[in-house]
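target_23.pdb (PDB, C-alpha atoms) appears below.
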ATOM      1  CA  MET A   1      -2.758  46.796 -62.264
ATOM      2  CA  ALA A   2      -2.996  48.501 -58.871
ATOM      3  CA  THR A   3      -2.971  52.251 -58.345
ATOM      4  CA  VAL A   4      -0.159  53.418 -56.059
ATOM      5  CA  GLY A   5      -0.247  56.984 -54.785
ATOM      6  CA  VAL A   6       3.160  58.631 -54.373
ATOM      7  CA  CYS A   7       3.859  61.879 -52.536
ATOM      8  CA  GLU A   8       7.530  62.836 -52.857
ATOM      9  CA  ASP A   9       8.763  66.425 -53.176
ATOM     10  CA  GLU A  10      12.094  65.701 -54.902
ATOM     11  CA  PRO A  11      11.357  65.628 -58.669
ATOM     12  CA  ALA A  12      14.172  63.215 -59.574
ATOM     13  CA  LEU A  13      13.193  60.659 -56.927
ATOM     14  CA  ARG A  14       9.500  61.090 -57.733
ATOM     15  CA  SER A  15      10.281  60.268 -61.358
ATOM     16  CA  VAL A  16      12.319  57.200 -60.378
ATOM     17  CA  LEU A  17       9.530  55.973 -58.118
ATOM     18  CA  SER A  18       6.919  56.435 -60.830
ATOM     19  CA  ARG A  19       8.969  54.656 -63.487
ATOM     20  CA  SER A  20       9.831  51.820 -61.126
ATOM     21  CA  LEU A  21       6.257  51.270 -59.974
ATOM     22  CA  ARG A  22       5.110  51.233 -63.584
ATOM     23  CA  SER A  23       7.783  48.649 -64.434
ATOM     24  CA  PHE A  24       6.499  46.528 -61.528
ATOM     25  CA  GLY A  25       3.075  46.493 -63.197
ATOM     26  CA  HIS A  26       1.377  49.186 -61.123
ATOM     27  CA  GLU A  27      -0.191  52.522 -61.987
ATOM     28  CA  PRO A  28       1.544  55.361 -60.107
ATOM     29  CA  VAL A  29      -0.210  58.640 -59.305
ATOM     30  CA  SER A  30       2.489  61.089 -58.235
ATOM     31  CA  VAL A  31       2.286  64.436 -56.441
ATOM     32  CA  GLY A  32       4.865  66.673 -54.801
ATOM     33  CA  THR A  33       3.102  68.351 -51.870
ATOM     34  CA  ALA A  34       0.867  67.441 -48.954
ATOM     35  CA  ALA A  35      -1.842  69.816 -50.169
ATOM     36  CA  GLU A  36      -1.921  68.190 -53.601
ATOM     37  CA  ALA A  37      -1.867  64.702 -52.075
ATOM     38  CA  LEU A  38      -4.848  65.440 -49.859
ATOM     39  CA  ARG A  39      -6.853  66.746 -52.811
ATOM     40  CA  VAL A  40      -5.914  64.036 -55.324
ATOM     41  CA  PHE A  41      -6.009  61.006 -53.048
ATOM     42  CA  ARG A  42      -9.288  62.005 -51.411
ATOM     43  CA  GLU A  43     -10.934  62.241 -54.821
ATOM     44  CA  SER A  44      -9.520  58.933 -56.097
ATOM     45  CA  PRO A  45      -8.203  56.702 -53.304
ATOM     46  CA  PRO A  46      -5.304  54.479 -54.420
ATOM     47  CA  ARG A  47      -4.703  50.892 -53.306
ATOM     48  CA  VAL A  48      -1.412  51.781 -51.571
ATOM     49  CA  LEU A  49       0.229  55.069 -50.589
ATOM     50  CA  VAL A  50       3.958  55.851 -50.605
ATOM     51  CA  LEU A  51       4.523  59.033 -48.596
ATOM     52  CA  ASP A  52       7.708  60.974 -48.013
ATOM     53  CA  ILE A  53       7.878  62.320 -44.461
ATOM     54  CA  GLY A  54       9.869  65.484 -45.226
ATOM     55  CA  LEU A  55       7.460  67.433 -47.445
ATOM     56  CA  PRO A  56       7.816  71.149 -48.225
ATOM     57  CA  ASP A  57       4.385  72.041 -46.839
ATOM     58  CA  GLY A  58       4.141  69.658 -43.914
ATOM     59  CA  ASP A  59       5.056  66.360 -42.318
ATOM     60  CA  GLY A  60       4.111  63.178 -44.167
ATOM     61  CA  ARG A  61       2.875  61.706 -40.906
ATOM     62  CA  ASP A  62       0.401  64.563 -40.532
ATOM     63  CA  LEU A  63      -0.652  63.941 -44.126
ATOM     64  CA  CYS A  64      -1.275  60.300 -43.242
ATOM     65  CA  LEU A  65      -3.442  61.369 -40.302
ATOM     66  CA  ALA A  66      -5.391  63.707 -42.574
ATOM     67  CA  LEU A  67      -5.973  60.963 -45.135
ATOM     68  CA  ARG A  68      -7.074  58.527 -42.452
ATOM     69  CA  ALA A  69      -9.446  61.189 -41.100
ATOM     70  CA  ALA A  70     -10.873  61.523 -44.625
ATOM     71  CA  GLY A  71     -11.679  57.811 -44.677
ATOM     72  CA  ILE A  72      -8.714  56.670 -46.785
ATOM     73  CA  GLU A  73      -7.766  53.188 -45.573
ATOM     74  CA  ALA A  74      -5.042  52.358 -48.111
ATOM     75  CA  PRO A  75      -1.869  50.969 -46.485
ATOM     76  CA  VAL A  76       0.883  53.572 -46.153
ATOM     77  CA  LEU A  77       4.598  53.081 -46.756
ATOM     78  CA  PHE A  78       6.665  55.962 -45.378
ATOM     79  CA  LEU A  79       9.885  57.050 -47.094
ATOM     80  CA  THR A  80      12.388  58.997 -45.013
ATOM     81  CA  ALA A  81      16.050  59.583 -44.267
ATOM     82  CA  ARG A  82      15.247  59.410 -40.543
ATOM     83  CA  ASP A  83      15.943  55.986 -39.097
ATOM     84  CA  GLY A  84      15.594  56.651 -35.374
ATOM     85  CA  LEU A  85      13.250  54.496 -33.305
ATOM     86  CA  HIS A  86      11.177  57.497 -32.236
ATOM     87  CA  ASP A  87      10.679  58.513 -35.868
ATOM     88  CA  LYS A  88       9.467  55.035 -36.774
ATOM     89  CA  VAL A  89       7.137  54.847 -33.792
ATOM     90  CA  ALA A  90       5.670  58.244 -34.709
ATOM     91  CA  GLY A  91       5.036  56.999 -38.235
ATOM     92  CA  PHE A  92       3.162  53.918 -37.066
ATOM     93  CA  GLU A  93       1.142  55.905 -34.527
ATOM     94  CA  ALA A  94       0.122  58.283 -37.344
ATOM     95  CA  GLY A  95      -1.475  55.389 -39.217
ATOM     96  CA  GLY A  96       1.451  54.112 -41.273
ATOM     97  CA  ASP A  97       1.941  50.445 -42.102
ATOM     98  CA  ASP A  98       5.575  50.199 -43.171
ATOM     99  CA  TYR A  99       8.770  52.236 -43.207
ATOM    100  CA  LEU A 100      11.558  52.422 -45.803
ATOM    101  CA  THR A 101      14.711  54.398 -45.038
ATOM    102  CA  LYS A 102      16.504  56.367 -47.759
ATOM    103  CA  PRO A 103      18.620  55.419 -49.598
ATOM    104  CA  PHE A 104      16.924  52.175 -50.542
ATOM    105  CA  GLN A 105      17.082  49.554 -53.260
ATOM    106  CA  LEU A 106      14.198  49.461 -55.736
ATOM    107  CA  ALA A 107      13.917  45.704 -55.229
ATOM    108  CA  GLU A 108      13.067  46.358 -51.582
ATOM    109  CA  LEU A 109      10.510  48.986 -52.559
ATOM    110  CA  LYS A 110       8.901  46.413 -54.849
ATOM    111  CA  VAL A 111       8.498  43.702 -52.227
ATOM    112  CA  ARG A 112       7.239  46.134 -49.571
ATOM    113  CA  VAL A 113       4.629  47.682 -51.884
ATOM    114  CA  GLU A 114       3.450  44.281 -53.046
ATOM    115  CA  ALA A 115       3.217  43.007 -49.449
ATOM    116  CA  LEU A 116       0.964  45.975 -48.650
ATOM    117  CA  LEU A 117      -1.104  45.349 -51.773
ATOM    118  CA  ARG A 118      -1.799  41.785 -50.681
ATOM    119  CA  ARG A 119      -3.621  43.021 -47.597
ATOM    120  CA  ALA A 120      -5.118  46.179 -49.092
ATOM    121  CA  ALA A 121      -8.872  46.491 -49.467
ATOM    122  CA  SER A 122     -10.362  47.569 -52.766
ATOM    123  CA  PRO A 123     -10.385  51.376 -52.885
ATOM    124  CA  GLU A 124     -13.650  53.158 -52.316
ATOM    125  CA  SER A 125     -14.472  56.825 -52.258
ATOM    126  CA  PRO A 126     -14.999  57.894 -48.639
ATOM    127  CA  ALA A 127     -18.634  58.223 -47.638
ATOM    128  CA  ALA A 128     -20.020  61.730 -47.479
ATOM    129  CA  ALA A 129     -16.924  63.184 -49.103
ATOM    130  CA  GLY A 130     -18.809  66.300 -50.166
ATOM    131  CA  PRO A 131     -17.598  69.859 -49.668
ATOM    132  CA  GLU A 132     -19.178  70.181 -46.214
ATOM    133  CA  ARG A 133     -17.454  67.131 -44.761
ATOM    134  CA  PRO A 134     -14.853  68.228 -42.181
ATOM    135  CA  VAL A 135     -11.389  68.018 -43.700
ATOM    136  CA  LEU A 136      -8.222  67.756 -41.655
ATOM    137  CA  ASP A 137      -5.722  69.740 -43.723
ATOM    138  CA  SER A 138      -2.107  68.795 -43.002
ATOM    139  CA  ALA A 139      -0.657  71.569 -45.176
ATOM    140  CA  ARG A 140      -2.524  74.311 -43.274
ATOM    141  CA  HIS A 141      -2.591  72.375 -40.001
ATOM    142  CA  ALA A 142      -6.252  73.167 -39.672
ATOM    143  CA  LEU A 143      -9.741  71.724 -39.663
ATOM    144  CA  VAL A 144     -11.723  72.970 -42.653
ATOM    145  CA  VAL A 145     -15.490  72.781 -43.003
ATOM    146  CA  GLY A 146     -16.755  74.441 -46.153
ATOM    147  CA  ASP A 147     -15.544  78.061 -46.038
ATOM    148  CA  LEU A 148     -14.696  77.895 -42.334
ATOM    149  CA  GLU A 149     -11.293  77.041 -40.949
ATOM    150  CA  VAL A 150      -9.814  76.714 -37.479
ATOM    151  CA  SER A 151      -6.097  76.308 -36.760
ATOM    152  CA  LEU A 152      -4.827  73.381 -34.703
ATOM    153  CA  THR A 153      -1.659  72.890 -32.700
ATOM    154  CA  PRO A 154       0.381  69.780 -33.564
ATOM    155  CA  THR A 155      -0.986  67.900 -30.554
ATOM    156  CA  GLU A 156      -4.584  68.948 -31.273
ATOM    157  CA  PHE A 157      -4.110  67.892 -34.905
ATOM    158  CA  ARG A 158      -2.901  64.428 -33.947
ATOM    159  CA  LEU A 159      -5.681  63.927 -31.391
ATOM    160  CA  LEU A 160      -8.417  64.950 -33.806
ATOM    161  CA  GLY A 161      -6.877  62.945 -36.628
ATOM    162  CA  ARG A 162      -6.853  59.812 -34.491
ATOM    163  CA  LEU A 163     -10.513  60.304 -33.581
ATOM    164  CA  MET A 164     -11.660  61.154 -37.118
ATOM    165  CA  ALA A 165      -9.954  58.039 -38.471
ATOM    166  CA  GLU A 166     -12.566  55.957 -36.607
ATOM    167  CA  PRO A 167     -15.798  57.965 -36.713
ATOM    168  CA  GLY A 168     -18.439  56.754 -34.308
ATOM    169  CA  ARG A 169     -16.048  54.489 -32.426
ATOM    170  CA  VAL A 170     -14.635  55.052 -28.959
ATOM    171  CA  VAL A 171     -10.862  55.517 -29.160
ATOM    172  CA  ARG A 172      -9.267  54.482 -25.900
ATOM    173  CA  ARG A 173      -7.260  56.928 -23.866
ATOM    174  CA  HIS A 174      -3.953  55.084 -24.252
ATOM    175  CA  ALA A 175      -4.346  55.083 -28.054
ATOM    176  CA  LEU A 176      -4.982  58.834 -28.050
ATOM    177  CA  VAL A 177      -1.928  59.457 -25.877
ATOM    178  CA  ALA A 178       0.231  57.303 -28.169
ATOM    179  CA  ALA A 179      -0.980  59.201 -31.241
ATOM    180  CA  ALA A 180      -0.729  62.699 -29.766
ATOM    181  CA  TRP A 181       2.604  62.244 -28.001
ATOM    182  CA  PRO A 182       4.401  59.697 -30.210
ATOM    183  CA  MET A 183       7.823  60.510 -28.776
ATOM    184  CA  GLY A 184       6.749  59.197 -25.386
ATOM    185  CA  GLY A 185       6.946  60.937 -22.044
ATOM    186  CA  HIS A 186       4.599  61.025 -19.090
ATOM    187  CA  VAL A 187       1.158  62.415 -19.933
ATOM    188  CA  SER A 188      -1.270  62.803 -17.059
ATOM    189  CA  GLU A 189      -4.994  62.104 -17.241
ATOM    190  CA  ASN A 190      -5.664  65.816 -16.768
ATOM    191  CA  THR A 191      -3.373  66.748 -19.678
ATOM    192  CA  LEU A 192      -5.308  64.601 -22.142
ATOM    193  CA  ASP A 193      -8.648  65.878 -20.851
ATOM    194  CA  SER A 194      -7.442  69.476 -21.100
ATOM    195  CA  TYR A 195      -6.439  69.024 -24.740
ATOM    196  CA  MET A 196      -9.736  67.354 -25.550
ATOM    197  CA  ARG A 197     -11.610  70.357 -24.143
ATOM    198  CA  ARG A 198      -9.600  72.607 -26.449
ATOM    199  CA  VAL A 199     -10.314  70.401 -29.447
ATOM    200  CA  ARG A 200     -14.030  70.381 -28.606
ATOM    201  CA  HIS A 201     -14.084  74.170 -28.492
ATOM    202  CA  LYS A 202     -12.445  74.401 -31.914
ATOM    203  CA  LEU A 203     -14.894  71.910 -33.395
ATOM    204  CA  GLU A 204     -17.740  74.126 -32.190
ATOM    205  CA  GLU A 205     -16.242  77.119 -34.010
ATOM    206  CA  VAL A 206     -16.657  75.456 -37.421
ATOM    207  CA  ASP A 207     -19.442  72.947 -36.710
ATOM    208  CA  GLY A 208     -16.925  70.174 -37.335
ATOM    209  CA  GLY A 209     -18.716  67.423 -35.450
ATOM    210  CA  GLU A 210     -18.732  66.635 -31.771
ATOM    211  CA  ILE A 211     -16.645  64.633 -29.343
ATOM    212  CA  SER A 212     -18.345  62.581 -26.666
ATOM    213  CA  THR A 213     -16.693  61.094 -23.595
ATOM    214  CA  ARG A 214     -16.848  57.484 -22.460
ATOM    215  CA  ARG A 215     -15.773  58.045 -18.875
ATOM    216  CA  GLY A 216     -12.712  56.054 -17.928
ATOM    217  CA  VAL A 217     -12.442  54.575 -21.424
ATOM    218  CA  GLY A 218     -11.887  57.203 -24.114
ATOM    219  CA  TYR A 219     -13.470  59.591 -26.588
ATOM    220  CA  ARG A 220     -15.574  59.386 -29.745
ATOM    221  CA  TRP A 221     -15.905  61.778 -32.701
ATOM    222  CA  ARG A 222     -18.997  61.918 -34.908
TER     223      ARG A 222
END
In structure tokens, write the structure found in this file.
Amino acid sequence: MATVGVCEDEPALRSVLSRSLRSFGHEPVSVGTAAEALRVFRESPPRVLVLDIGLPDGDGRDLCLALRAAGIEAPVLFLTARDGLHDKVAGFEAGGDDYLTKPFQLAELKVRVEALLRRAASPESPAAAGPERPVLDSARHALVVGDLEVSLTPTEFRLLGRLMAEPGRVVRRHALVAAAWPMGGHVSENTLDSYMRRVRHKLEEVDGGEISTRRGVGYRWR
């Protein structure tokens, strides 16, 4: 029996999802808000995550970024009524693995969840997940370190989330641009560098780690 985390704000659909997943032989853990999802799924990472994009306290894609930044590597299936190409691209750039458009058949949900389970790693609690670990909070759109908090713009949030998802690794410039500006558009070298300076300054405010530059290649958070 695999644990499947579900974040869906509509009670009736959340109930249907939970009952269906249980009938498929899985163990659902259901929540209704991004804030609750971040707390519950950080404490006990599931094997697969099913996230609604339209949440009452944030965007499910920002929640995915926050979970990735917290070290949660479980595959993510997004649920949404939005079927535009840009919406799907934004979901994948946020760290999602699959996309299911509402309304959907439960049989399709079953095969998509089980396909993700086949390539999912065994869940592990993120390293150093203590209270002082920097937390990217999608509900407050902020970086939280202990009792300190600094607000982030949507672009700053996506940039930092992409970096925190791979601590200690250099994330290339094109990957940062794709994550921060998922709807496309021309982004100059100077624009990315300017945003990274702003993110660095905010990290310093809360002692949330540091960002180093690999000139001509990308940036690294640690």
Which residues of segment 133-184 of chain A have any atom within 10 Å of an atom in segment 90-95 of chain A when counting only C-alpha atoms, and what is the closest pair of atoms for each, with the distance in Å to one decimal? Order the rows by chain and rising number and write it as CSV.
residue,atom,partner,partner_atom,distance
A:Arg158,CA,A:Ala94,CA,7.6
A:Gly161,CA,A:Ala94,CA,8.4
A:Arg162,CA,A:Ala94,CA,7.7
A:Ala165,CA,A:Gly95,CA,8.9
A:Ala175,CA,A:Glu93,CA,8.5
A:Leu176,CA,A:Glu93,CA,9.4
A:Val177,CA,A:Glu93,CA,9.8
A:Ala178,CA,A:Glu93,CA,6.6
A:Ala179,CA,A:Glu93,CA,5.1
A:Ala180,CA,A:Glu93,CA,8.5
A:Trp181,CA,A:Ala90,CA,8.4
A:Pro182,CA,A:Ala90,CA,4.9
A:Met183,CA,A:Ala90,CA,6.7
A:Gly184,CA,A:Ala90,CA,9.4
Query raised in the report: Which polymer residues have any atom within 12 Å of an atom of Arg19 of chain A, counting all atoms listed in the file, with same-chain residues fewer than 4 positions away left out, as a ChimeraX atom specification?
Result: /A:4,6,12-15,23-30,106,110
What does the file look like for those residues with C-alpha atoms, as a short mmCIF file (atom, residue, chain, number, x, y, z; two decimals), keeping the file's coordinate frame?
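Output below, filename part.cif:
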data_model
loop_
_atom_site.label_atom_id
_atom_site.label_comp_id
_atom_site.auth_asym_id
_atom_site.auth_seq_id
_atom_site.Cartn_x
_atom_site.Cartn_y
_atom_site.Cartn_z
CA VAL A 4 -0.16 53.42 -56.06
CA VAL A 6 3.16 58.63 -54.37
CA ALA A 12 14.17 63.22 -59.57
CA LEU A 13 13.19 60.66 -56.93
CA ARG A 14 9.50 61.09 -57.73
CA SER A 15 10.28 60.27 -61.36
CA SER A 23 7.78 48.65 -64.43
CA PHE A 24 6.50 46.53 -61.53
CA GLY A 25 3.08 46.49 -63.20
CA HIS A 26 1.38 49.19 -61.12
CA GLU A 27 -0.19 52.52 -61.99
CA PRO A 28 1.54 55.36 -60.11
CA VAL A 29 -0.21 58.64 -59.30
CA SER A 30 2.49 61.09 -58.24
CA LEU A 106 14.20 49.46 -55.74
CA LYS A 110 8.90 46.41 -54.85
#
Given 3 Å of margin on each side, can you work out the centre and size in Å (one decimal) of an axis-aligned box holding every listed atom of segment 5-13 of chain A, as JSON?
{"center_x": 7.0, "center_y": 61.7, "center_z": -56.1, "size_x": 20.4, "size_y": 15.4, "size_z": 13.0}
Requested in this report: Could you tell me which of A:Leu63, A:Leu109, A:Ala69, A:Leu117 comes closest to Thr3 of chain A if we count all atoms listed in the file?
Outcome: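 Among the listed residues, the smallest separation from Thr3 of chain A belongs to A:Leu117.
For the structure in this document, the set picked by the PyMOL selection byres ((chain A and resi 88) around 12) is Ile53, Arg61, Leu77, Phe78, Leu79, Thr80, Ala81, Arg82, Asp83, Gly84, Leu85, His86, Asp87, Val89, Ala90, Gly91, Phe92, Glu93, Ala94, Gly95, Gly96, Asp97, Asp98, Tyr99, Leu100, Thr101, Pro182 and Met183 of chain A.
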